[in-house]
file my_file-v3.txt (compact mmCIF, C-alpha atoms)
# COMPACT_ATOMS: atom_id res chain seq x y z
CA MET T 153 -19.36 -37.70 -44.03
CA PRO T 154 -20.94 -41.18 -44.05
CA VAL T 155 -22.89 -42.19 -47.11
CA ALA T 156 -26.56 -43.03 -46.83
CA ALA T 157 -29.04 -45.47 -48.26
CA VAL T 158 -32.62 -44.34 -48.67
CA THR T 159 -35.37 -46.76 -47.70
CA GLY T 160 -39.11 -46.66 -48.11
CA THR T 161 -39.05 -44.19 -50.99
CA ALA T 162 -42.08 -43.15 -53.03
CA PRO T 163 -43.00 -45.29 -56.05
CA GLU T 164 -40.84 -44.70 -59.10
CA PRO T 165 -42.22 -43.80 -62.54
CA ASN T 166 -44.10 -46.65 -64.25
CA SER T 167 -44.64 -48.39 -60.92
CA GLN T 168 -47.77 -48.77 -58.87
CA GLY T 169 -48.45 -49.86 -55.33
CA THR T 170 -50.23 -53.07 -54.43
CA GLU T 171 -50.78 -54.71 -51.10
CA GLY T 172 -48.77 -57.70 -49.94
CA ASN T 173 -48.68 -58.94 -46.37
CA GLY T 174 -49.87 -55.56 -45.10
CA ALA T 175 -47.02 -53.61 -46.72
CA ALA T 176 -46.98 -51.58 -49.93
CA VAL T 177 -45.28 -53.49 -52.75
CA ARG T 178 -44.31 -51.75 -55.95
CA THR T 179 -44.78 -53.39 -59.31
CA ARG T 180 -43.14 -52.60 -62.62
CA GLU T 181 -44.17 -52.96 -66.22
CA LEU T 182 -42.73 -56.08 -67.85
CA GLY T 183 -41.66 -54.37 -71.04
CA ARG T 184 -44.72 -53.61 -73.14
CA THR T 185 -46.57 -56.82 -72.33
CA GLY T 186 -49.08 -55.08 -70.09
CA ILE T 187 -48.05 -57.46 -67.29
CA ARG T 188 -46.93 -55.97 -63.98
CA VAL T 189 -44.36 -57.75 -61.83
CA SER T 190 -42.55 -57.22 -58.54
CA PRO T 191 -38.97 -55.83 -58.57
CA TYR T 192 -37.86 -59.12 -56.98
CA CYS T 193 -38.53 -62.31 -58.93
CA LEU T 194 -38.31 -65.59 -57.04
CA GLY T 195 -35.86 -67.87 -58.83
CA THR T 196 -36.14 -71.59 -58.10
CA MET T 197 -32.87 -73.03 -59.37
CA MET T 198 -31.96 -74.12 -55.84
CA PHE T 199 -35.17 -76.10 -55.27
CA GLY T 200 -34.66 -79.86 -55.63
CA ARG T 201 -31.70 -82.19 -55.36
CA ALA T 202 -29.31 -79.55 -56.70
CA GLY T 203 -30.00 -77.33 -53.68
CA ASN T 204 -32.80 -77.91 -51.19
CA PRO T 205 -34.15 -81.47 -51.59
CA ASP T 206 -36.98 -80.95 -49.06
CA HIS T 207 -40.04 -80.28 -51.22
CA ASP T 208 -42.22 -79.19 -48.32
CA ASP T 209 -39.62 -76.68 -47.17
CA CYS T 210 -39.31 -75.31 -50.72
CA VAL T 211 -43.10 -74.90 -50.88
CA ARG T 212 -43.01 -72.96 -47.61
CA ILE T 213 -40.29 -70.68 -49.03
CA ILE T 214 -42.40 -70.03 -52.14
CA HIS T 215 -45.48 -69.26 -50.05
CA ARG T 216 -43.50 -66.87 -47.85
CA ALA T 217 -42.23 -65.04 -50.94
CA LEU T 218 -45.75 -64.75 -52.34
CA ASP T 219 -47.13 -63.56 -49.00
CA SER T 220 -44.46 -60.83 -48.92
CA GLY T 221 -45.75 -59.39 -52.20
CA ILE T 222 -43.55 -61.10 -54.78
CA ASN T 223 -45.81 -62.05 -57.69
CA PHE T 224 -43.19 -63.27 -60.16
CA ILE T 225 -41.63 -66.78 -60.22
CA ASP T 226 -38.93 -67.96 -62.61
CA THR T 227 -37.96 -71.59 -63.09
CA ALA T 228 -36.68 -73.85 -65.90
CA ASP T 229 -37.14 -77.39 -67.11
CA VAL T 230 -33.53 -78.30 -66.23
CA TYR T 231 -33.66 -77.01 -62.64
CA GLY T 232 -33.83 -79.48 -59.83
CA PRO T 233 -32.45 -81.10 -62.01
CA HIS T 234 -34.65 -82.45 -64.82
CA GLY T 235 -37.96 -80.85 -63.92
CA GLU T 236 -37.89 -81.29 -60.15
CA SER T 237 -38.02 -77.54 -59.56
CA GLU T 238 -41.06 -77.21 -61.84
CA ASP T 239 -42.74 -80.01 -59.89
CA ILE T 240 -42.15 -78.12 -56.64
CA VAL T 241 -43.44 -74.84 -58.08
CA GLY T 242 -46.53 -76.64 -59.34
CA LYS T 243 -47.26 -77.95 -55.84
CA ALA T 244 -46.79 -74.52 -54.30
CA LEU T 245 -49.09 -72.74 -56.75
CA LYS T 246 -52.15 -74.94 -56.25
CA GLY T 247 -54.98 -72.54 -55.48
CA ARG T 248 -52.78 -69.48 -56.12
CA ARG T 249 -51.92 -69.78 -59.80
CA ASP T 250 -54.10 -66.92 -61.09
CA ASP T 251 -52.31 -64.34 -58.95
CA ILE T 252 -48.80 -65.27 -60.10
CA VAL T 253 -46.78 -64.38 -63.17
CA LEU T 254 -45.14 -67.71 -63.95
CA ALA T 255 -42.01 -67.95 -66.09
CA THR T 256 -40.08 -71.02 -67.15
CA LYS T 257 -37.42 -71.85 -69.72
CA VAL T 258 -36.62 -74.39 -72.44
CA ASN T 259 -33.40 -75.30 -74.26
CA GLY T 260 -31.28 -77.09 -71.64
CA ARG T 261 -30.34 -80.73 -72.06
CA MET T 262 -33.00 -83.04 -70.60
CA GLY T 263 -31.44 -86.39 -71.46
CA GLU T 264 -28.75 -88.12 -73.45
CA ASP T 265 -30.78 -88.15 -76.65
CA PRO T 266 -29.31 -85.32 -78.78
CA ASN T 267 -32.81 -84.05 -79.60
CA ARG T 268 -33.88 -83.66 -75.96
CA GLY T 269 -32.67 -80.08 -75.74
CA GLY T 270 -31.98 -77.04 -77.87
CA SER T 271 -34.32 -74.61 -79.57
CA SER T 272 -35.74 -76.66 -82.43
CA ARG T 273 -39.46 -76.71 -83.17
CA ARG T 274 -39.41 -80.45 -82.50
CA TRP T 275 -38.12 -80.00 -78.94
CA ILE T 276 -39.98 -76.82 -77.97
CA ILE T 277 -43.40 -78.23 -78.94
CA THR T 278 -42.61 -81.46 -77.07
CA GLU T 279 -41.10 -79.96 -73.94
CA VAL T 280 -43.71 -77.28 -73.30
CA GLU T 281 -46.23 -80.05 -72.64
CA GLN T 282 -43.92 -81.56 -70.02
CA SER T 283 -43.41 -78.20 -68.32
CA LEU T 284 -47.18 -77.57 -68.26
CA ARG T 285 -47.72 -80.99 -66.70
CA ARG T 286 -45.04 -80.50 -64.03
CA LEU T 287 -46.25 -76.98 -63.22
CA GLY T 288 -49.87 -78.15 -62.98
CA THR T 289 -51.17 -75.37 -65.20
CA ASP T 290 -52.71 -74.90 -68.64
CA HIS T 291 -50.58 -71.89 -69.56
CA ILE T 292 -47.18 -70.30 -68.97
CA ASP T 293 -47.09 -66.51 -68.64
CA LEU T 294 -43.51 -66.15 -69.91
CA TYR T 295 -41.78 -68.93 -71.86
CA GLN T 296 -38.08 -68.23 -72.36
CA VAL T 297 -35.33 -69.74 -74.49
CA HIS T 298 -32.70 -70.49 -71.85
CA HIS T 299 -29.58 -70.11 -74.00
CA PRO T 300 -28.67 -69.09 -77.54
CA ASP T 301 -28.68 -72.02 -79.96
CA PRO T 302 -26.21 -71.42 -82.80
CA HIS T 303 -27.35 -74.65 -84.49
CA THR T 304 -30.98 -73.56 -84.99
CA ASP T 305 -32.33 -70.75 -87.17
CA ILE T 306 -33.98 -68.12 -85.01
CA GLU T 307 -36.94 -68.20 -87.42
CA GLU T 308 -37.46 -71.89 -86.56
CA THR T 309 -37.51 -71.08 -82.85
CA LEU T 310 -39.76 -68.03 -83.12
CA SER T 311 -42.17 -69.90 -85.38
CA ALA T 312 -42.65 -72.65 -82.78
CA LEU T 313 -43.03 -70.14 -79.95
CA THR T 314 -45.53 -68.13 -82.01
CA ASP T 315 -47.69 -71.23 -82.41
CA LEU T 316 -47.64 -71.73 -78.64
CA VAL T 317 -48.78 -68.15 -78.04
CA ARG T 318 -51.58 -68.50 -80.60
CA SER T 319 -52.68 -71.76 -79.00
CA GLY T 320 -53.00 -70.07 -75.59
CA LYS T 321 -50.42 -72.31 -73.91
CA VAL T 322 -47.98 -69.41 -73.62
CA ARG T 323 -48.80 -65.74 -73.00
CA ALA T 324 -45.46 -64.10 -73.88
CA ILE T 325 -42.01 -65.27 -74.99
CA GLY T 326 -38.53 -64.23 -73.96
CA SER T 327 -34.85 -64.92 -74.43
CA SER T 328 -31.99 -65.43 -72.01
CA ASN T 329 -28.25 -64.77 -72.29
CA LEU T 330 -28.54 -63.37 -75.83
CA PRO T 331 -25.81 -61.00 -77.05
CA ALA T 332 -27.15 -57.63 -78.19
CA SER T 333 -26.60 -58.46 -81.88
CA GLU T 334 -28.73 -61.60 -81.59
CA ILE T 335 -31.49 -59.70 -79.76
CA VAL T 336 -31.63 -57.31 -82.72
CA GLU T 337 -31.61 -60.20 -85.22
CA ALA T 338 -34.49 -61.92 -83.42
CA GLN T 339 -36.53 -58.70 -83.44
CA TRP T 340 -35.80 -58.21 -87.16
CA VAL T 341 -36.83 -61.77 -88.04
CA ALA T 342 -40.05 -61.53 -86.02
CA ASP T 343 -40.99 -58.27 -87.72
CA ARG T 344 -40.35 -59.47 -91.26
CA ARG T 345 -41.87 -62.91 -90.85
CA GLY T 346 -44.96 -61.83 -88.93
CA LEU T 347 -43.94 -63.83 -85.83
CA HIS T 348 -44.30 -63.06 -82.14
CA ARG T 349 -41.20 -61.34 -80.83
CA PHE T 350 -39.19 -61.79 -77.69
CA ARG T 351 -40.75 -59.55 -75.06
CA THR T 352 -38.10 -60.06 -72.39
CA GLU T 353 -34.42 -60.85 -71.95
CA GLN T 354 -32.77 -62.56 -68.97
CA PRO T 355 -29.05 -61.67 -68.71
CA PRO T 356 -26.54 -61.87 -65.84
CA TYR T 357 -26.07 -58.59 -63.96
CA SER T 358 -24.42 -57.53 -60.73
CA ILE T 359 -22.00 -54.94 -59.41
CA LEU T 360 -19.16 -57.19 -60.56
CA ASN T 361 -20.60 -58.02 -63.99
CA ARG T 362 -21.94 -54.86 -65.63
CA ALA T 363 -21.20 -55.51 -69.31
CA ILE T 364 -24.90 -55.56 -70.27
CA GLU T 365 -25.06 -51.83 -69.50
CA ARG T 366 -23.04 -51.18 -72.66
CA GLU T 367 -25.30 -52.75 -75.32
CA VAL T 368 -27.82 -55.31 -74.03
CA LEU T 369 -29.81 -52.97 -71.77
CA PRO T 370 -29.97 -50.11 -74.31
CA VAL T 371 -31.09 -52.54 -77.04
CA CYS T 372 -33.77 -54.02 -74.77
CA ARG T 373 -35.01 -50.55 -73.95
CA ARG T 374 -35.14 -49.64 -77.64
CA TYR T 375 -37.40 -52.62 -78.36
CA GLY T 376 -39.54 -52.21 -75.24
CA MET T 377 -38.34 -55.47 -73.69
CA GLY T 378 -38.58 -56.30 -70.01
CA VAL T 379 -35.33 -57.40 -68.37
CA LEU T 380 -35.03 -60.04 -65.63
CA VAL T 381 -31.45 -60.12 -64.36
CA TRP T 382 -29.97 -63.27 -62.87
CA SER T 383 -27.20 -63.59 -60.28
CA PRO T 384 -27.45 -60.06 -58.80
CA LEU T 385 -25.33 -61.43 -55.94
CA ALA T 386 -22.63 -62.59 -58.38
CA MET T 387 -23.04 -66.29 -57.60
CA GLY T 388 -22.57 -65.54 -53.90
CA LEU T 389 -19.53 -63.25 -54.08
CA LEU T 390 -21.66 -60.28 -53.03
CA THR T 391 -22.83 -61.94 -49.83
CA GLY T 392 -19.45 -61.38 -48.17
CA ARG T 393 -19.01 -65.10 -47.62
CA TYR T 394 -16.02 -65.28 -49.97
CA ARG T 395 -13.22 -62.98 -48.78
CA LYS T 396 -9.70 -62.26 -49.90
CA GLY T 397 -7.29 -64.05 -47.59
CA GLY T 398 -10.18 -65.75 -45.81
CA PRO T 399 -10.74 -69.47 -45.36
CA THR T 400 -11.58 -71.41 -48.51
CA VAL T 401 -15.27 -72.21 -48.68
CA ARG T 402 -15.69 -75.78 -49.86
CA ASN T 403 -19.16 -76.27 -51.27
CA ALA T 404 -20.97 -77.22 -54.47
CA ARG T 405 -20.83 -73.67 -55.77
CA MET T 406 -17.05 -73.58 -55.43
CA ARG T 407 -16.86 -76.73 -57.54
CA TRP T 408 -19.28 -75.23 -60.08
CA VAL T 409 -17.77 -71.76 -60.61
CA PRO T 410 -14.25 -71.94 -59.13
CA ARG T 411 -12.66 -69.29 -61.38
CA HIS T 412 -15.37 -66.79 -60.55
CA LEU T 413 -15.24 -67.30 -56.78
CA THR T 414 -11.43 -67.14 -56.59
CA ASP T 415 -10.80 -64.30 -59.07
CA GLU T 416 -8.42 -61.90 -57.30
CA ARG T 417 -9.81 -58.85 -59.13
CA LYS T 418 -13.34 -59.65 -58.01
CA LEU T 419 -12.23 -60.35 -54.45
CA ASP T 420 -10.40 -57.00 -54.43
CA ALA T 421 -13.62 -55.28 -55.48
CA VAL T 422 -15.57 -57.09 -52.75
CA GLU T 423 -13.09 -55.82 -50.15
CA ARG T 424 -13.76 -52.26 -51.33
CA LEU T 425 -17.53 -52.74 -51.42
CA ILE T 426 -17.83 -54.09 -47.87
CA PRO T 427 -16.82 -50.83 -46.12
CA LEU T 428 -19.04 -48.87 -48.53
CA ALA T 429 -22.01 -51.01 -47.49
CA GLU T 430 -21.13 -50.56 -43.83
CA GLU T 431 -21.00 -46.76 -44.20
CA ALA T 432 -24.42 -46.88 -45.85
CA GLY T 433 -25.78 -48.92 -42.95
CA LEU T 434 -26.39 -51.95 -45.17
CA SER T 435 -25.24 -55.50 -45.53
CA LEU T 436 -23.29 -56.27 -48.71
CA THR T 437 -26.24 -58.38 -49.89
CA HIS T 438 -28.68 -55.49 -49.57
CA LEU T 439 -26.25 -53.12 -51.29
CA ALA T 440 -25.95 -55.54 -54.21
CA MET T 441 -29.70 -56.02 -54.57
CA GLY T 442 -30.34 -52.28 -54.32
CA PHE T 443 -27.82 -51.72 -57.10
CA ALA T 444 -29.41 -54.32 -59.40
CA ILE T 445 -32.91 -52.88 -59.27
CA ALA T 446 -31.72 -49.25 -59.46
CA HIS T 447 -30.96 -49.42 -63.19
CA PRO T 448 -33.90 -48.04 -65.20
CA GLY T 449 -33.45 -50.80 -67.78
CA VAL T 450 -33.91 -53.57 -65.20
CA THR T 451 -37.47 -54.73 -64.57
CA SER T 452 -36.84 -57.38 -61.94
CA ALA T 453 -33.90 -59.01 -60.18
CA ILE T 454 -34.04 -62.77 -59.66
CA ILE T 455 -33.34 -63.94 -56.13
CA GLY T 456 -32.50 -67.60 -55.61
CA PRO T 457 -32.77 -68.55 -51.93
CA ARG T 458 -32.08 -72.12 -50.88
CA THR T 459 -33.35 -71.70 -47.32
CA MET T 460 -36.01 -69.70 -45.50
CA GLU T 461 -33.26 -67.81 -43.68
CA GLN T 462 -31.78 -66.65 -46.98
CA LEU T 463 -35.18 -65.53 -48.23
CA GLU T 464 -35.91 -63.57 -45.05
CA ASP T 465 -32.58 -61.77 -45.35
CA LEU T 466 -33.33 -60.81 -48.96
CA LEU T 467 -36.84 -59.64 -48.10
CA ALA T 468 -35.44 -57.48 -45.29
CA GLY T 469 -33.63 -55.39 -47.89
CA ALA T 470 -36.47 -55.14 -50.41
CA ALA T 471 -37.24 -51.50 -49.54
CA VAL T 472 -33.63 -50.32 -49.93
CA SER T 473 -33.09 -47.59 -52.50
CA LEU T 474 -29.50 -46.42 -52.96
CA ASP T 475 -28.81 -42.70 -53.22
CA ASP T 476 -26.63 -41.09 -55.91
CA GLU T 477 -23.55 -40.89 -53.69
CA VAL T 478 -23.58 -44.63 -53.03
CA LEU T 479 -24.13 -45.41 -56.72
CA ASP T 480 -21.33 -43.02 -57.71
CA ARG T 481 -18.93 -44.75 -55.34
CA ILE T 482 -19.91 -48.15 -56.75
CA ASP T 483 -19.12 -46.76 -60.22
CA ARG T 484 -15.65 -45.84 -59.03
CA ILE T 485 -15.05 -49.38 -57.78
CA VAL T 486 -16.45 -51.11 -60.88
CA ALA T 487 -16.75 -48.91 -63.94
CA PRO T 488 -20.13 -48.89 -65.74
CA GLY T 489 -20.40 -51.28 -68.65
CA THR T 490 -17.55 -53.54 -67.52
CA ASP T 491 -17.11 -57.07 -66.19
CA ILE T 492 -14.44 -57.84 -63.64
CA GLY T 493 -13.30 -61.15 -65.04
CA PRO T 494 -15.46 -63.86 -66.60
CA LEU T 495 -18.54 -65.44 -65.06
CA ASP T 496 -17.97 -69.17 -65.50
CA VAL T 497 -21.57 -69.96 -66.46
CA SER T 498 -22.11 -67.05 -68.84
CA TYR T 499 -22.77 -67.81 -72.51
CA THR T 500 -19.64 -67.85 -74.65
CA PRO T 501 -20.36 -67.66 -78.39
CA PRO T 502 -18.75 -70.25 -80.68
CA SER T 503 -16.76 -67.46 -82.36
CA VAL T 504 -14.85 -67.01 -79.10
CA GLN T 505 -15.00 -70.53 -77.71
CA LEU T 506 -13.83 -72.55 -80.74
CA PRO T 507 -10.22 -72.16 -81.91
CA SER T 508 -11.27 -73.19 -85.44
CA LEU T 509 -13.36 -70.01 -85.66
CA ARG T 510 -10.60 -67.81 -84.29
CA ARG T 511 -7.69 -68.90 -86.46
CA ARG T 512 -7.04 -70.14 -89.94
CA SER T 513 -5.99 -73.75 -90.39
CA ALA T 514 -2.32 -74.66 -90.13
CA ASP T 515 -2.18 -75.23 -93.89
CA GLU T 516 -3.67 -71.81 -94.61
CA ARG T 517 -1.27 -70.13 -92.19
CA ALA T 518 1.66 -71.97 -93.79
CA ALA T 519 0.53 -70.91 -97.27
CA VAL T 520 0.47 -67.26 -96.18
CA ALA T 521 3.96 -67.63 -94.71
CA ARG T 522 5.26 -68.95 -98.04
call {"tool": "encode", "arguments": {"input": "my_file-v3.txt", "output": "structure tokens"}}
result
Amino acid sequence: MPVAAVTGTAPEPNSQGTEGNGAAVRTRELGRTGIRVSPYCLGTMMFGRAGNPDHDDCVRIIHRALDSGINFIDTADVYGPHGESEDIVGKALKGRRDDIVLATKVNGRMGEDPNRGGSSRRWIITEVEQSLRRLGTDHIDLYQVHHPDPHTDIEETLSALTDLVRSGKVRAIGSSNLPASEIVEAQWVADRRGLHRFRTEQPPYSILNRAIEREVLPVCRRYGMGVLVWSPLAMGLLTGRYRKGGPTVRNARMRWVPRHLTDERKLDAVERLIPLAEEAGLSLTHLAMGFAIAHPGVTSAIIGPRTMEQLEDLLAGAAVSLDDEVLDRIDRIVAPGTDIGPLDVSYTPPSVQLPSLRRRSADERAAVAR
């Protein structure tokens, strides 16, 4: 019996219908912030020289997304690179800013000076002004710390972000790529120091990378945090463009995440997912997006189109809701709570990355041997 995918289902709990381009669009609660956002969030990493250098075309893509009912945009100071994406978003939101939940991020390196990046008070207070200028707005709805910063006390970071919330320049704060233990630590510090706490987390999540189901998503749920997941298409692997035994795709993404895109275990999983999608009457892309937003711990999945064609394809699958049989079969291909191989751009903590933190010195090892 062929499997089925349900489309056009009734609104889920904690969602409400709004109107967008003549079609009902569901919104979800962004944690306990009181803000409601669309299940798809428009990511803008591919806008600018790093992806689509045509600013006017990028603005048209943003407007099309907004007209379809998406009310949530995520960018970062480093995208473009170096603020170009924020500039583009600022142009697109002229006259429409009040209807959009605008998120951006700080922490990435914005120059060779060692202090032009990270999560210090010095940099956060400086860089938020640049993001506000580029975005053409007087406030940011969600200001996120892009990556963990093991060199800065979390109290230092939260203190700076708290001041921004109290000043009105930022409405809510969030984290990105934090391990579950560091999410808990940040919540603990905020509570005991009387600081604003992270209201959201932005981790990687897809059919091929499900590790956050084990600890990150349950922890976020415990603290009432909204979750924006990035790379629901697994950096392109879940588009079907990269196939086992197929021709090598030579592009910028292949140079950026070569291990991920050539991992035999992931390619094997893709080959098993493609016929499942076909039986469900879906493209692999729509299957992947339906999976990402099906988890009750996920608020919104970030889509990152580079072209209008890519956006239209993603919007065409926005109403897909996978049934239990499809989700059960996905679980049999990739077990819940597991990653199939590493994601090249995922955060790796120093305790794993640095040999000096994984092994005693040669002298200490020699002393033990004696």
call {"tool": "residues_around", "arguments": {"input": "my_file-v3.txt", "residues": "segment 440-445 of chain T", "least_positions_apart": "6", "cutoff": "8 Å", "atoms": "all atoms listed in the file", "output": "PyMOL selection string"}}
result
chain T and resi 191+357-359+381+384-385+390+451-453+469-470+472-474+479
call {"tool": "atom_distance", "arguments": {"input": "my_file-v3.txt", "atom1": "atom CA of Leu310 of chain T", "atom2": "atom CA of Ala363 of chain T"}}
result
26.3 Å
call {"tool": "closest_residue", "arguments": {"input": "my_file-v3.txt", "among": "T:Tyr375, T:Trp275, T:Phe199, T:Tyr499", "to": "Arg184 of chain T", "atoms": "only C-alpha atoms"}}
result
T:Tyr375
